[in-house]
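Quick look at run-v2.cif (mmCIF, C-alpha atoms, pLDDT in the B column; chains and numbers go by the auth columns):
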data_structure
#
loop_
_atom_site.group_PDB
_atom_site.id
_atom_site.type_symbol
_atom_site.label_atom_id
_atom_site.label_comp_id
_atom_site.label_asym_id
_atom_site.label_seq_id
_atom_site.Cartn_x
_atom_site.Cartn_y
_atom_site.Cartn_z
_atom_site.B_iso_or_equiv
_atom_site.auth_seq_id
_atom_site.auth_asym_id
ATOM 1 C CA MET A 1 0.000 0.000 0.000 48.00 5 A
ATOM 2 C CA ASN A 2 1.367 3.401 -0.990 55.00 6 A
ATOM 3 C CA ARG A 3 1.545 5.804 1.990 56.00 7 A
ATOM 4 C CA SER A 4 1.953 8.987 -0.001 56.00 8 A
ATOM 5 C CA PRO A 5 1.607 12.239 1.971 56.00 9 A
ATOM 6 C CA PHE A 6 -0.515 13.491 -0.916 57.00 10 A
ATOM 7 C CA ARG A 7 -3.426 11.127 -0.344 56.00 11 A
ATOM 8 C CA LEU A 8 -6.743 12.793 -0.990 61.00 12 A
ATOM 9 C CA LYS A 9 -8.652 11.037 1.759 72.00 13 A
ATOM 10 C CA GLN A 10 -7.899 9.388 5.062 80.00 14 A
ATOM 11 C CA GLN A 11 -8.416 5.660 5.001 87.00 15 A
ATOM 12 C CA LEU A 12 -10.798 5.178 7.908 88.00 16 A
ATOM 13 C CA SER A 13 -13.182 2.419 8.803 91.00 17 A
ATOM 14 C CA LYS A 14 -16.851 3.197 8.251 92.00 18 A
ATOM 15 C CA GLU A 15 -17.361 3.650 12.002 95.00 19 A
ATOM 16 C CA ALA A 16 -14.388 6.000 12.353 93.00 20 A
ATOM 17 C CA ALA A 17 -15.410 7.978 9.255 91.00 21 A
ATOM 18 C CA LEU A 18 -18.898 8.551 10.682 93.00 22 A
ATOM 19 C CA LYS A 19 -17.478 9.697 14.033 95.00 23 A
ATOM 20 C CA LYS A 20 -15.022 12.021 12.262 93.00 24 A
ATOM 21 C CA ALA A 21 -17.805 13.485 10.116 92.00 25 A
ATOM 22 C CA LYS A 22 -19.810 14.227 13.263 95.00 26 A
ATOM 23 C CA ARG A 23 -16.808 15.886 14.992 94.00 27 A
ATOM 24 C CA ASP A 24 -15.981 17.921 11.882 92.00 28 A
ATOM 25 C CA LYS A 25 -19.588 19.115 11.590 94.00 29 A
ATOM 26 C CA GLU A 26 -19.654 20.187 15.251 94.00 30 A
ATOM 27 C CA THR A 27 -16.370 22.066 14.823 92.00 31 A
ATOM 28 C CA ALA A 28 -17.582 23.785 11.657 90.00 32 A
ATOM 29 C CA MET A 29 -20.730 24.989 13.392 93.00 33 A
ATOM 30 C CA THR A 30 -19.059 26.717 16.357 94.00 34 A
ATOM 31 C CA PRO A 31 -19.905 30.439 16.590 94.00 35 A
ATOM 32 C CA ILE A 32 -16.397 31.673 15.697 90.00 36 A
ATOM 33 C CA ARG A 33 -16.183 29.390 12.635 90.00 37 A
ATOM 34 C CA ARG A 34 -19.646 30.446 11.461 92.00 38 A
ATOM 35 C CA LYS A 35 -18.696 34.111 11.864 92.00 39 A
ATOM 36 C CA LYS A 36 -15.495 33.665 9.822 86.00 40 A
ATOM 37 C CA LYS A 37 -17.323 31.691 7.142 89.00 41 A
ATOM 38 C CA ALA A 38 -19.953 34.421 6.794 91.00 42 A
ATOM 39 C CA GLU A 39 -17.225 37.080 6.603 88.00 43 A
ATOM 40 C CA ASN A 40 -15.379 35.052 3.965 88.00 44 A
ATOM 41 C CA GLN A 41 -18.538 34.703 1.861 92.00 45 A
ATOM 42 C CA ARG A 42 -19.159 38.466 1.995 94.00 46 A
ATOM 43 C CA LYS A 43 -15.552 39.281 1.074 93.00 47 A
ATOM 44 C CA ARG A 44 -15.454 36.779 -1.835 93.00 48 A
ATOM 45 C CA SER A 45 -18.725 38.084 -3.222 95.00 49 A
ATOM 46 C CA ALA A 46 -17.546 41.701 -2.999 95.00 50 A
ATOM 47 C CA ALA A 47 -14.187 40.864 -4.608 94.00 51 A
ATOM 48 C CA LYS A 48 -15.876 39.071 -7.520 94.00 52 A
ATOM 49 C CA LYS A 49 -18.227 42.019 -8.033 96.00 53 A
ATOM 50 C CA ALA A 50 -15.200 44.316 -8.102 95.00 54 A
ATOM 51 C CA GLY A 51 -13.730 42.153 -10.882 94.00 55 A
ATOM 52 C CA LYS A 52 -10.816 40.756 -8.873 93.00 56 A
ATOM 53 C CA ASN A 53 -9.423 37.318 -9.697 92.00 57 A
ATOM 54 C CA ILE A 54 -9.442 35.362 -6.436 92.00 58 A
ATOM 55 C CA ASP A 55 -9.155 31.853 -7.888 92.00 59 A
ATOM 56 C CA GLY A 56 -6.988 29.674 -5.648 90.00 60 A
ATOM 57 C CA LYS A 57 -6.982 32.233 -2.855 91.00 61 A
ATOM 58 C CA ASP A 58 -8.430 32.279 0.664 88.00 62 A
ATOM 59 C CA TYR A 59 -9.293 35.258 2.803 88.00 63 A
ATOM 60 C CA ASP A 60 -6.741 35.671 5.584 86.00 64 A
ATOM 61 C CA HIS A 61 -8.553 36.966 8.661 81.00 65 A
ATOM 62 C CA THR A 62 -5.343 38.218 10.279 83.00 66 A
ATOM 63 C CA LYS A 63 -3.919 40.059 7.254 88.00 67 A
ATOM 64 C CA LYS A 64 -7.418 41.110 6.108 88.00 68 A
ATOM 65 C CA LYS A 65 -6.760 40.272 2.449 89.00 69 A
ATOM 66 C CA PHE A 66 -6.828 37.405 -0.029 92.00 70 A
ATOM 67 C CA VAL A 67 -3.689 35.273 -0.081 90.00 71 A
ATOM 68 C CA SER A 68 -2.801 31.951 -1.684 89.00 72 A
ATOM 69 C CA VAL A 69 -4.269 28.868 -0.048 86.00 73 A
ATOM 70 C CA LEU A 70 -0.776 27.470 0.488 84.00 74 A
ATOM 71 C CA LYS A 71 0.414 30.516 2.438 84.00 75 A
ATOM 72 C CA ASN A 72 -2.789 30.924 4.428 81.00 76 A
ATOM 73 C CA ARG A 73 -3.056 27.312 5.584 80.00 77 A
ATOM 74 C CA GLY A 74 0.671 26.910 6.148 77.00 78 A
ATOM 75 C CA ASN A 75 0.869 29.967 8.401 77.00 79 A
ATOM 76 C CA TYR A 76 3.485 31.614 6.149 77.00 80 A
ATOM 77 C CA GLY A 77 6.100 28.909 6.705 76.00 81 A
ATOM 78 C CA LYS A 78 5.757 28.831 10.485 79.00 82 A
ATOM 79 C CA GLY A 79 3.498 25.790 10.557 73.00 83 A
ATOM 80 C CA THR A 80 0.387 25.419 12.653 70.00 84 A
ATOM 81 C CA LYS A 81 1.866 24.305 15.970 71.00 85 A
ATOM 82 C CA LYS A 82 2.158 26.781 18.812 69.00 86 A
ATOM 83 C CA LEU A 83 5.435 26.745 20.696 63.00 87 A
#

Before we go any further, please render this structure as structure tokens.
Amino acid sequence: MNRSPFRLKQQLSKEAALKKAKRDKETAMTPIRRKKKAENQRKRSAAKKAGKNIDGKDYDHTKKKFVSVLKNRGNYGKGTKKL
């Protein structure tokens, strides 16, 4: 079995996948996540109306602008772990 780090999906049992889906849903519905999602939707809509090309970009809530997905999710090379 190939253990590539670029797998698209975790290989979980059906039971584990259902539990993970439930946890992920609960996390996604927390007030702070819902607030950020709503803000992101407003910003994307406004940017598209303004004619900006935001393909492949995410809104960075700390920098308050659209940046590449890679930079935004990788914390600008610092990783996601807090020291």

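Comparing the minimum interatomic distances between Gln45 of chain A and each of A:Asn57, A:Tyr80, A:Glu30, A:Tyr63, counting only C-alpha atoms, we find that A:Tyr63 sits nearest.
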
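A straight line drawn from atom CA of Lys40 of chain A to atom CA of Lys24 of chain A is 21.8 Å long.
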
Please identify all polymer residues within 12 Å of Lys69 of chain A, counting only C-alpha atoms, omitting same-chain residues fewer than 5 positions from it, and present them as an MDAnalysis selection string. chainID A and resid 43:44 47:48 51 58 61:64 76

Which residues, written as an MDAnalysis selection string, have at least one atom at most 12 Å from Ala42 of chain A, with only C-alpha atoms counted and residues fewer than 6 positions away on the same chain left out? chainID A and resid 32:33 35:36 48:49 63 65

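The interatomic distance for the pair atom CA of Phe70 of chain A and atom CA of Asp28 of chain A works out to 24.6 Å.
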
So what do you get for atom CA of Thr84 of chain A versus atom CA of Thr66 of chain A, distance-wise? 14.2 Å
